[in-house]
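*Asks:* Enclosed is the structure file upload.txt (compact mmCIF, C-alpha atoms).
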# COMPACT_ATOMS: atom_id res chain seq x y z
CA MET A 1 -2.78 -20.44 -22.23
CA LYS A 2 0.94 -20.98 -22.42
CA GLY A 3 2.61 -20.65 -19.08
CA PRO A 4 6.24 -19.90 -18.20
CA GLU A 5 8.81 -22.42 -19.44
CA ASN A 6 9.60 -23.61 -15.94
CA GLU A 7 5.94 -23.76 -14.87
CA LYS A 8 6.01 -27.42 -13.81
CA PHE A 9 9.09 -26.81 -11.69
CA LEU A 10 7.55 -23.72 -10.08
CA VAL A 11 4.29 -25.54 -9.41
CA SER A 12 6.07 -28.49 -7.79
CA LYS A 13 8.11 -26.12 -5.60
CA ALA A 14 4.99 -24.17 -4.66
CA LYS A 15 3.28 -27.44 -3.72
CA LYS A 16 6.12 -28.02 -1.25
CA GLY A 17 5.42 -24.64 0.32
CA ASP A 18 7.86 -22.42 -1.61
CA GLY A 19 6.17 -19.01 -1.54
CA GLU A 20 8.82 -17.41 -3.75
CA ALA A 21 8.22 -19.99 -6.51
CA PHE A 22 4.52 -19.28 -6.27
CA GLY A 23 5.35 -15.58 -6.50
CA GLU A 24 7.01 -16.27 -9.87
CA LEU A 25 3.78 -17.85 -11.09
CA VAL A 26 1.83 -14.85 -9.85
CA ARG A 27 4.20 -12.53 -11.71
CA PHE A 28 3.56 -14.42 -14.95
CA TYR A 29 -0.21 -14.68 -14.63
CA GLU A 30 -1.07 -11.47 -12.81
CA LYS A 31 -2.17 -9.52 -15.88
CA PHE A 32 -4.31 -12.43 -17.08
CA VAL A 33 -5.98 -12.88 -13.72
CA TYR A 34 -6.41 -9.15 -13.22
CA ASN A 35 -8.04 -8.57 -16.62
CA THR A 36 -10.31 -11.56 -16.15
CA ALA A 37 -11.44 -10.13 -12.81
CA TYR A 38 -11.72 -6.68 -14.36
CA GLY A 39 -13.95 -8.08 -17.13
CA PHE A 40 -16.42 -9.11 -14.45
CA LEU A 41 -16.20 -6.13 -12.16
CA PHE A 42 -15.03 -3.10 -14.19
CA SER A 43 -13.38 -1.62 -11.15
CA ALA A 44 -9.62 -1.44 -10.71
CA ASP A 45 -9.79 -1.76 -6.93
CA ASP A 46 -12.24 -4.67 -6.98
CA ALA A 47 -10.27 -6.39 -9.75
CA PHE A 48 -7.09 -6.07 -7.69
CA ASP A 49 -8.76 -7.45 -4.56
CA VAL A 50 -10.35 -10.33 -6.47
CA SER A 51 -7.05 -11.14 -8.19
CA GLN A 52 -5.27 -11.18 -4.86
CA ASP A 53 -7.96 -13.39 -3.31
CA ALA A 54 -7.82 -15.73 -6.30
CA PHE A 55 -4.05 -16.11 -6.00
CA ILE A 56 -4.27 -16.71 -2.25
CA LYS A 57 -6.97 -19.34 -2.84
CA ALA A 58 -4.71 -20.94 -5.43
CA TRP A 59 -1.81 -20.91 -2.98
CA ARG A 60 -3.90 -22.53 -0.27
CA GLY A 61 -5.21 -25.14 -2.65
CA ILE A 62 -2.10 -25.85 -4.69
CA LYS A 63 -1.32 -29.06 -2.81
CA GLY A 64 -4.60 -30.42 -4.17
CA PHE A 65 -3.76 -29.41 -7.74
CA LYS A 66 -3.28 -32.74 -9.50
CA GLY A 67 -2.24 -31.40 -12.87
CA ASP A 68 -5.17 -33.00 -14.72
CA SER A 69 -5.79 -29.64 -16.35
CA SER A 70 -3.15 -27.01 -17.00
CA PHE A 71 -2.23 -24.65 -14.19
CA SER A 72 -3.68 -21.73 -16.16
CA THR A 73 -7.05 -23.48 -16.55
CA TRP A 74 -7.12 -24.24 -12.84
CA LEU A 75 -6.15 -20.67 -11.97
CA TYR A 76 -8.70 -19.27 -14.42
CA ARG A 77 -11.49 -21.26 -12.79
CA ILE A 78 -10.53 -19.99 -9.36
CA THR A 79 -10.44 -16.41 -10.69
CA VAL A 80 -13.83 -16.65 -12.38
CA ASN A 81 -15.43 -18.16 -9.29
CA THR A 82 -13.89 -15.51 -7.05
CA ALA A 83 -14.99 -12.74 -9.42
CA LYS A 84 -18.52 -14.13 -9.58
CA ASP A 85 -18.69 -14.24 -5.80
CA ALA A 86 -17.51 -10.64 -5.61
CA LEU A 87 -20.08 -9.63 -8.22
CA SER A 88 -22.87 -11.33 -6.27
CA ALA A 89 -21.72 -9.62 -3.10
CA ARG A 90 -21.77 -6.31 -4.91
CA VAL A 91 -25.28 -6.93 -6.20
CA ARG A 92 -26.33 -7.85 -2.70
CA ARG A 93 -24.95 -4.56 -1.47
CA LYS A 94 -26.98 -2.99 -4.25
CA GLU A 95 -23.99 -1.20 -5.61
CA LEU A 96 -24.43 0.04 -9.12
CA SER A 97 -21.71 -1.02 -11.51
CA SER A 98 -22.08 2.34 -13.25
CA THR A 99 -21.11 4.11 -10.02
CA ASP A 100 -17.98 1.98 -9.77
CA SER A 101 -17.01 2.40 -13.35
CA GLU A 102 -17.52 6.14 -13.18
CA GLY A 103 -14.52 6.43 -10.90
CA GLU A 104 -12.50 4.19 -13.19
CA VAL A 105 -12.94 6.37 -16.23
CA MET A 106 -12.11 9.50 -14.31
CA ASP A 107 -8.97 7.86 -12.93
CA THR A 108 -7.56 7.21 -16.38
CA PRO A 109 -4.79 9.72 -17.08
CA SER A 110 -5.59 11.72 -20.17
CA HIS A 111 -4.38 14.74 -22.10
CA ASP A 112 -7.70 15.14 -23.90
CA THR A 113 -9.91 18.17 -23.60
CA PRO A 114 -12.73 17.93 -21.04
CA GLU A 115 -15.24 17.41 -23.88
CA THR A 116 -13.25 14.55 -25.41
CA GLU A 117 -12.71 13.03 -21.97
CA TYR A 118 -16.43 13.15 -21.36
CA ILE A 119 -17.16 11.39 -24.66
CA ILE A 120 -14.57 8.69 -23.96
CA LYS A 121 -15.98 8.18 -20.50
CA GLU A 122 -19.53 7.90 -21.87
CA ARG A 123 -18.50 5.35 -24.49
CA ARG A 124 -16.67 3.22 -21.96
CA GLU A 125 -19.64 3.25 -19.65
CA GLU A 126 -21.91 2.18 -22.49
CA LEU A 127 -19.51 -0.60 -23.37
CA MET A 128 -19.34 -1.85 -19.80
CA ARG A 129 -23.12 -1.80 -19.48
CA ALA A 130 -23.43 -3.77 -22.72
CA ILE A 131 -20.91 -6.38 -21.52
CA ASP A 132 -22.74 -6.59 -18.20
CA SER A 133 -25.95 -7.44 -20.05
CA LEU A 134 -24.42 -10.42 -21.92
CA ASP A 135 -25.05 -13.98 -20.83
CA ALA A 136 -22.26 -15.76 -18.93
CA ASP A 137 -20.82 -17.69 -21.93
CA ALA A 138 -20.75 -14.62 -24.16
CA ARG A 139 -19.20 -12.45 -21.50
CA GLU A 140 -16.60 -15.08 -20.68
CA ILE A 141 -15.40 -15.48 -24.23
CA ILE A 142 -15.31 -11.72 -24.83
CA VAL A 143 -13.17 -11.25 -21.74
CA LEU A 144 -10.81 -14.08 -22.68
CA ARG A 145 -10.35 -12.88 -26.22
CA GLU A 146 -10.48 -9.10 -25.91
CA LEU A 147 -9.22 -8.38 -22.41
CA ASP A 148 -6.94 -11.35 -21.75
CA GLY A 149 -5.82 -11.48 -25.38
CA LEU A 150 -5.88 -15.28 -25.61
CA SER A 151 -5.66 -17.09 -28.93
CA TYR A 152 -8.50 -19.32 -30.15
CA ASP A 153 -6.45 -22.41 -29.26
CA GLU A 154 -5.80 -21.13 -25.76
CA ILE A 155 -9.48 -20.37 -25.23
CA ALA A 156 -10.42 -23.85 -26.49
CA GLU A 157 -7.97 -25.43 -24.07
CA LEU A 158 -9.02 -23.25 -21.17
CA LEU A 159 -12.75 -23.79 -21.64
CA LYS A 160 -12.33 -27.37 -22.86
CA ILE A 161 -14.34 -26.70 -26.01
CA GLU A 162 -13.69 -27.32 -29.70
CA LEU A 163 -12.01 -24.69 -31.85
CA GLY A 164 -15.19 -24.47 -33.96
CA THR A 165 -17.16 -23.73 -30.80
CA VAL A 166 -14.74 -20.94 -29.92
CA LYS A 167 -15.27 -19.38 -33.35
CA SER A 168 -19.05 -19.60 -33.31
CA ARG A 169 -19.39 -18.56 -29.65
CA LEU A 170 -17.13 -15.55 -30.14
CA SER A 171 -18.88 -14.54 -33.34
CA ARG A 172 -22.29 -14.66 -31.61
CA ALA A 173 -20.95 -12.82 -28.55
CA ARG A 174 -19.58 -9.99 -30.68
CA ALA A 175 -22.77 -9.74 -32.66
CA LYS A 176 -24.78 -9.63 -29.45
CA LEU A 177 -22.50 -6.97 -27.98
CA SER A 178 -22.86 -4.79 -31.09
CA GLU A 179 -26.60 -5.22 -30.91
CA LYS A 180 -26.69 -4.20 -27.22
CA LEU A 181 -24.53 -1.17 -27.90
CA LEU A 182 -26.81 -0.06 -30.71
CA GLU A 183 -29.83 -0.57 -28.50
CA GLN A 184 -28.28 1.75 -25.91
CA ASN A 185 -27.02 4.25 -28.43
CA GLU A 186 -27.86 3.91 -32.11
CA LYS A 187 -24.98 6.23 -32.98
CA PHE A 188 -22.40 4.29 -31.03
CA PHE A 189 -20.55 3.18 -34.16
CA VAL A 190 -21.01 6.45 -36.02
CA LYS A 191 -17.76 8.43 -36.15
CA MET B 1 -21.87 -17.80 -49.51
CA THR B 2 -24.78 -15.67 -48.42
CA CYS B 3 -24.39 -12.44 -46.46
CA GLU B 4 -25.65 -14.22 -43.34
CA GLU B 5 -23.01 -16.94 -43.71
CA ILE B 6 -20.30 -14.33 -44.34
CA ARG B 7 -21.31 -12.32 -41.24
CA GLY B 8 -21.03 -15.50 -39.18
CA LYS B 9 -17.39 -15.71 -40.31
CA LEU B 10 -16.41 -12.05 -40.00
CA SER B 11 -15.33 -12.39 -36.37
CA GLU B 12 -12.84 -15.18 -37.07
CA TYR B 13 -11.84 -13.51 -40.36
CA LEU B 14 -10.77 -10.35 -38.49
CA ASP B 15 -8.85 -12.47 -35.99
CA GLY B 16 -6.97 -14.26 -38.75
CA GLU B 17 -8.52 -17.59 -37.79
CA CYS B 18 -10.80 -18.11 -40.79
CA ASP B 19 -10.23 -21.11 -43.06
CA GLU B 20 -12.25 -19.47 -45.82
CA ALA B 21 -10.61 -16.06 -45.67
CA GLU B 22 -10.37 -15.73 -49.48
CA ALA B 23 -14.07 -16.27 -50.00
CA VAL B 24 -14.90 -13.77 -47.26
CA ALA B 25 -12.53 -11.19 -48.76
CA LYS B 26 -14.09 -11.56 -52.20
CA HIS B 27 -17.56 -11.14 -50.76
CA LEU B 28 -16.58 -8.03 -48.84
CA GLU B 29 -15.24 -6.39 -52.01
CA LYS B 30 -18.69 -6.32 -53.53
CA CYS B 31 -21.03 -6.15 -50.48
CA PRO B 32 -21.32 -2.71 -48.78
CA GLU B 33 -23.62 -4.06 -46.04
CA CYS B 34 -21.11 -6.71 -45.00
CA GLN B 35 -18.33 -4.09 -45.27
CA LYS B 36 -20.30 -1.92 -42.84
CA GLU B 37 -20.64 -4.84 -40.46
CA THR B 38 -16.88 -5.48 -40.71
CA GLU B 39 -16.11 -1.84 -39.83
CA ARG B 40 -18.45 -2.08 -36.88
CA LEU B 41 -16.62 -5.15 -35.58
CA ILE B 42 -13.25 -3.47 -36.02
CA SER B 43 -14.56 -0.47 -34.10
CA LEU B 44 -15.91 -2.75 -31.36
CA ARG B 45 -12.57 -4.48 -31.05
CA LYS B 46 -10.82 -1.12 -30.62
CA GLU B 47 -13.30 -0.09 -27.97
CA LEU B 48 -12.76 -3.34 -26.09
CA GLU B 49 -8.99 -2.94 -26.28
CA SER B 50 -9.34 0.30 -24.35
CA LEU B 51 -10.62 -1.70 -21.38
CA VAL B 52 -7.43 -3.72 -21.08
CA LYS B 53 -5.59 -2.81 -17.93
CA ALA B 54 -2.58 -3.79 -15.94
CA PRO B 55 -2.71 -3.80 -12.16
CA GLU B 56 -1.41 -0.53 -10.77
CA LYS B 57 0.59 -2.27 -8.04
CA SER B 58 2.47 -5.53 -8.30
CA LEU B 59 0.12 -8.36 -7.43
CA ALA B 60 3.07 -10.71 -7.00
CA ASP B 61 4.58 -8.55 -4.24
CA SER B 62 1.32 -8.27 -2.34
CA VAL B 63 0.52 -11.99 -2.72
CA VAL B 64 3.99 -13.07 -1.60
CA ALA B 65 3.71 -10.71 1.39
CA LYS B 66 0.37 -12.28 2.32
CA ILE B 67 1.82 -15.77 1.96
CA ARG B 68 4.65 -14.83 4.33
CA GLN B 69 2.12 -13.51 6.84
CA GLU B 70 0.16 -16.76 6.63
CA LYS B 71 3.31 -18.81 7.11
CA MET B 72 4.24 -16.74 10.16
CA LYS B 73 0.82 -17.28 11.68
CA LYS B 74 1.14 -21.03 11.18
CA THR B 75 4.56 -21.13 12.84
CA PRO B 76 4.29 -21.98 16.57
CA PHE B 77 4.83 -19.01 18.87
CA PHE B 78 7.99 -20.37 20.52
CA ILE B 79 9.66 -21.05 17.14
CA ARG B 80 8.78 -17.58 15.85
CA HIS B 81 10.50 -16.10 18.91
CA ILE B 82 13.26 -18.65 19.35
CA GLY B 83 15.97 -16.02 18.82
CA LEU B 84 14.55 -13.82 21.54
CA ALA B 85 14.12 -16.80 23.88
CA ALA B 86 17.74 -17.87 23.34
CA SER B 87 19.00 -14.33 24.06
CA LEU B 88 16.96 -14.14 27.26
CA LEU B 89 18.24 -17.53 28.37
CA ILE B 90 21.87 -16.49 27.84
CA ILE B 91 21.32 -13.28 29.79
CA LEU B 92 19.63 -15.24 32.60
CA VAL B 93 22.51 -17.70 32.80
CA LEU B 94 25.05 -14.86 32.91
CA VAL B 95 23.12 -13.04 35.63
CA ILE B 96 22.89 -16.21 37.76
CA TYR B 97 26.56 -16.95 37.18
CA THR B 98 27.69 -13.50 38.26
CA LYS B 99 25.47 -13.65 41.35
CA VAL B 100 26.67 -17.09 42.38
CA PHE B 101 30.34 -16.50 41.55
CA PRO B 102 30.86 -12.74 41.97
CA TYR B 103 34.66 -13.13 42.30
CA GLY B 104 35.07 -15.88 39.76
CA ALA B 105 36.71 -13.58 37.28
CA LYS B 106 39.18 -12.26 39.84
CA GLU B 107 40.25 -15.73 40.92
CA GLU B 108 40.97 -16.72 37.39
CA SER B 109 42.98 -13.64 36.52
CA ALA B 110 44.65 -12.88 39.82
CA GLU B 111 47.63 -15.04 39.17
CA ILE B 112 49.75 -13.43 36.53
CA GLY B 113 53.36 -12.68 35.81
CA ASP B 114 54.63 -16.20 35.53
CA THR B 115 57.55 -15.36 33.26
CA SER B 116 60.27 -16.38 35.62
CA GLY B 117 58.48 -19.34 37.00
CA GLU B 118 57.52 -17.41 40.08
CA THR B 119 53.92 -16.44 40.50
CA VAL B 120 53.32 -12.95 41.71
CA THR B 121 49.79 -12.19 42.79
CA LEU B 122 48.38 -8.83 41.98
CA GLU B 123 47.07 -8.49 45.45
CA ALA B 124 50.56 -8.63 46.89
CA GLU B 125 51.83 -6.17 44.33
CA ILE B 126 49.01 -3.75 44.99
CA LEU B 127 49.67 -3.83 48.72
CA ASP B 128 53.31 -3.20 48.08
CA ILE B 129 52.61 -0.34 45.72
CA LYS B 130 50.13 1.16 48.11
CA ASN B 131 52.84 1.32 50.74
CA THR B 132 55.17 3.11 48.38
CA ALA B 133 52.85 5.31 46.38
CA VAL B 134 50.61 8.27 46.86
CA LEU B 135 48.12 9.65 44.49
CA ARG B 136 48.84 12.80 42.57
CA ASP B 137 46.33 15.48 41.69
CA ASP B 138 45.97 14.13 38.17
CA GLY B 139 44.62 10.86 39.50
CA ASN B 140 47.78 8.87 38.92
CA PHE B 141 49.91 7.20 41.46
CA SER B 142 53.40 8.41 41.82
CA VAL B 143 55.78 5.98 43.34
CA ALA B 144 58.52 8.52 43.89
CA ASP B 145 56.29 11.20 45.31
CA ALA B 146 54.17 8.87 47.29
CA SER B 147 56.68 7.12 49.35
CA PRO B 148 56.48 7.70 53.04
CA ARG B 149 60.06 6.53 53.27
CA ASP B 150 63.14 8.60 53.34
CA GLU B 151 63.75 10.21 49.95
CA ALA B 152 67.24 8.82 49.68
CA ILE B 153 66.08 5.32 50.46
CA GLU B 154 63.38 5.63 47.87
CA GLU B 155 65.83 6.79 45.24
CA GLU B 156 68.07 3.91 46.09
CA ALA B 157 65.21 1.50 45.90
CA LEU B 158 64.23 2.79 42.50
CA LYS B 159 67.76 2.41 41.26
CA GLU B 160 67.95 -1.11 42.58
CA ALA B 161 64.62 -2.20 41.34
CA PRO B 162 63.45 -0.18 38.38
CA LEU B 163 59.80 -0.98 37.75
CA SER B 164 59.61 -0.87 33.99
CA PRO B 165 61.83 -3.67 32.76
CA ASN B 166 60.96 -6.11 35.48
CA PRO B 167 58.62 -8.71 34.04
CA GLU B 168 57.35 -9.61 37.45
CA TYR B 169 55.61 -6.28 37.68
CA THR B 170 52.33 -6.49 35.91
CA PHE B 171 51.67 -2.78 36.08
CA ALA B 172 55.21 -1.64 35.66
CA SER B 173 55.07 2.09 35.39
CA ASP B 174 56.16 5.05 37.34
CA THR B 175 52.56 6.02 37.82
CA LEU B 176 49.53 3.87 38.59
CA LYS B 177 45.88 4.73 38.25
CA PRO B 178 43.19 3.53 40.65
CA ILE B 179 41.58 1.72 37.78
CA ASP B 180 44.73 -0.37 37.30
CA ILE B 181 44.99 -1.22 40.93
CA LEU B 182 41.34 -2.02 41.46
CA SER B 183 40.87 -4.01 38.27
CA SER B 184 43.01 -6.81 39.62
CA GLU B 185 40.61 -7.43 42.42
CA PHE B 186 37.24 -6.16 41.37
CA GLU B 187 35.02 -5.86 38.39
CA LEU B 188 34.98 -2.24 37.34
CA GLU B 189 32.85 0.01 35.28
CA LYS B 190 34.04 3.43 34.23
CA LEU B 191 30.89 5.51 34.39
CA ASN B 192 32.59 8.61 33.00
CA GLU B 193 35.95 10.37 33.12
CA ASN B 194 35.53 11.17 36.81
CA THR B 195 33.59 8.26 38.21
CA LEU B 196 34.52 4.64 38.64
CA LEU B 197 32.08 1.97 39.82
CA VAL B 198 33.69 -0.90 41.72
CA LYS B 199 31.39 -3.86 41.89
CA THR B 200 31.84 -4.72 45.53
CA ASP B 201 30.40 -3.54 48.80
CA ASN B 202 33.80 -3.78 50.47
CA LEU B 203 34.38 -0.04 50.80
CA GLU B 204 37.14 -0.54 53.31
CA ARG B 205 39.15 -2.68 50.90
CA VAL B 206 38.75 -0.19 48.08
CA ARG B 207 39.88 2.67 50.27
CA GLU B 208 42.80 0.56 51.36
CA LEU B 209 43.83 0.09 47.74
CA VAL B 210 43.33 3.59 46.39
CA GLY B 211 44.37 5.49 49.48
CA ASP B 212 42.84 8.52 51.11
CA ASN B 213 43.38 10.92 48.21
CA TYR B 214 40.35 9.53 46.40
CA ASN B 215 36.84 9.97 47.55
CA ALA B 216 35.16 6.57 47.68
CA TYR B 217 31.74 5.77 49.06
CA LEU B 218 29.20 2.98 49.02
CA GLU B 219 26.05 3.39 47.01
CA ASN B 220 23.48 0.75 46.05
CA GLY B 221 25.80 -2.10 46.90
CA VAL B 222 28.72 -0.84 44.80
CA VAL B 223 31.62 1.39 45.67
CA VAL B 224 31.82 4.65 43.78
CA VAL B 225 35.29 6.14 43.38
CA LEU B 226 35.60 9.74 42.27
CA LEU B 227 38.73 10.01 40.22
CA LYS B 228 39.14 13.76 40.53
Using structure tokens, write down the structure that the file contains.

*Replies:*
Amino acid sequence: MKGPENEKFLVSKAKKGDGEAFGELVRFYEKFVYNTAYGFLFSADDAFDVSQDAFIKAWRGIKGFKGDSSFSTWLYRITVNTAKDALSARVRRKELSSTDSEGEVMDTPSHDTPETEYIIKERREELMRAIDSLDADAREIIVLRELDGLSYDEIAELLKIELGTVKSRLSRARAKLSEKLLEQNEKFFVK
Amino acid sequence: MTCEEIRGKLSEYLDGECDEAEAVAKHLEKCPECQKETERLISLRKELESLVKAPEKSLADSVVAKIRQEKMKKTPFFIRHIGLAASLLIILVLVIYTKVFPYGAKEESAEIGDTSGETVTLEAEILDIKNTAVLRDDGNFSVADASPRDEAIEEEALKEAPLSPNPEYTFASDTLKPIDILSSEFELEKLNENTLLVKTDNLERVRELVGDNYNAYLENGVVVVLLK
């Protein structure tokens, strides 16, 4: 994805130990990193913690960043690995993702009636469960496109795949997600 | 294109990334099944959009704060506290200096009043004043009132040698306070309006300077003078 205009300058300053320059990079990428983490964990608190850990890992490792890939690709990899670790830890603790996400939906400020709120909450839980059931590639591309809002070109660059692969992988992932949602609730798409 | 082929392109078509958008559009106009699939994908996209979030707190602030903490931990202890160490060292040096040279300040400032080329020491002046002054109830010295000499002689003396304009008098005034007299010889600290601490254990000398009208006593190695 396209970074800030002065990214190279900020990265070189951060490599020399300038925490404030690194802070500027965090400010630019924080939504991207957070939504990527959220796409794995579906918990605001966990996503925040994972994002923070990912940025700290990046800070500690920035001297070793050679610039062979873009900074965003490097940061994305760190985020995904950190999120996967957190997910594994959660599974090990036998925490149910539905329990986590329940709190999330309730936390969302809303002016809807209790009935409408309940329906929205149910739909979001179904959606999260369906995403959880996708394979890693499908889930990754859904998160990048739908949650991070990256363009096809940006996804291709980030994942180092061809544009055609982005198109076909995303198409299959969406089809699979629809299928999973219909399996859970055949009226999911009925208004 | 078949329906299967079209459905494989619907995802990119809805994202505006399809090279064959016209063909897909034409197909959709006449195929209700593919239209239904398109609506489903649009609905899915809207549902997914609802998951997009922004962190509630600034990640940048918390990350920068953590980085600062890490940097502090990596900084050696003595460098982190160098300011404190320097302050303590200065205080230590001052304490040692004042212990070793308790009258250093007096020696440096005792010689004053060099305007006419003649040096007049404060000590001599104080002794002279003491002989001619007594302390009034308000805590001030009064030269005129204090003199043990004959009143006429005193008046004459005052006429002959008025205190104020004479540059050789460093405390030229018709009244003198104990604080003025003592400050020439000792380091003082005014504890409050009524109490003066004289940093010496020479009680006799202090009494000599301020006279008997002031209560002065020794306490914890310093002389306490009650001004009232």

*Asks:* At a cut-off of 6 Å, which residues of chain B touch chain A? Count only C-alpha atoms and give the answer as an NGL selection string.

*Replies:* :B and (11 or 52 or 54 or 60 or 64)

*Asks:* Name the closest residue to Gly67 (chain A) among the candidates A:Ala156, A:Pro114, A:Lys8, A:Ala86; distances are taken between atoms, counting only C-alpha atoms.

*Replies:* A:Lys8

*Asks:* Would you mind listing what lies within 10 Å of region 158-161 of chain A as a PyMOL selection string, with all atoms listed in the file counted and same-chain residues fewer than 5 positions away left out?

*Replies:* chain A and resi 1+69-77+140-141+144+150+152-153+166
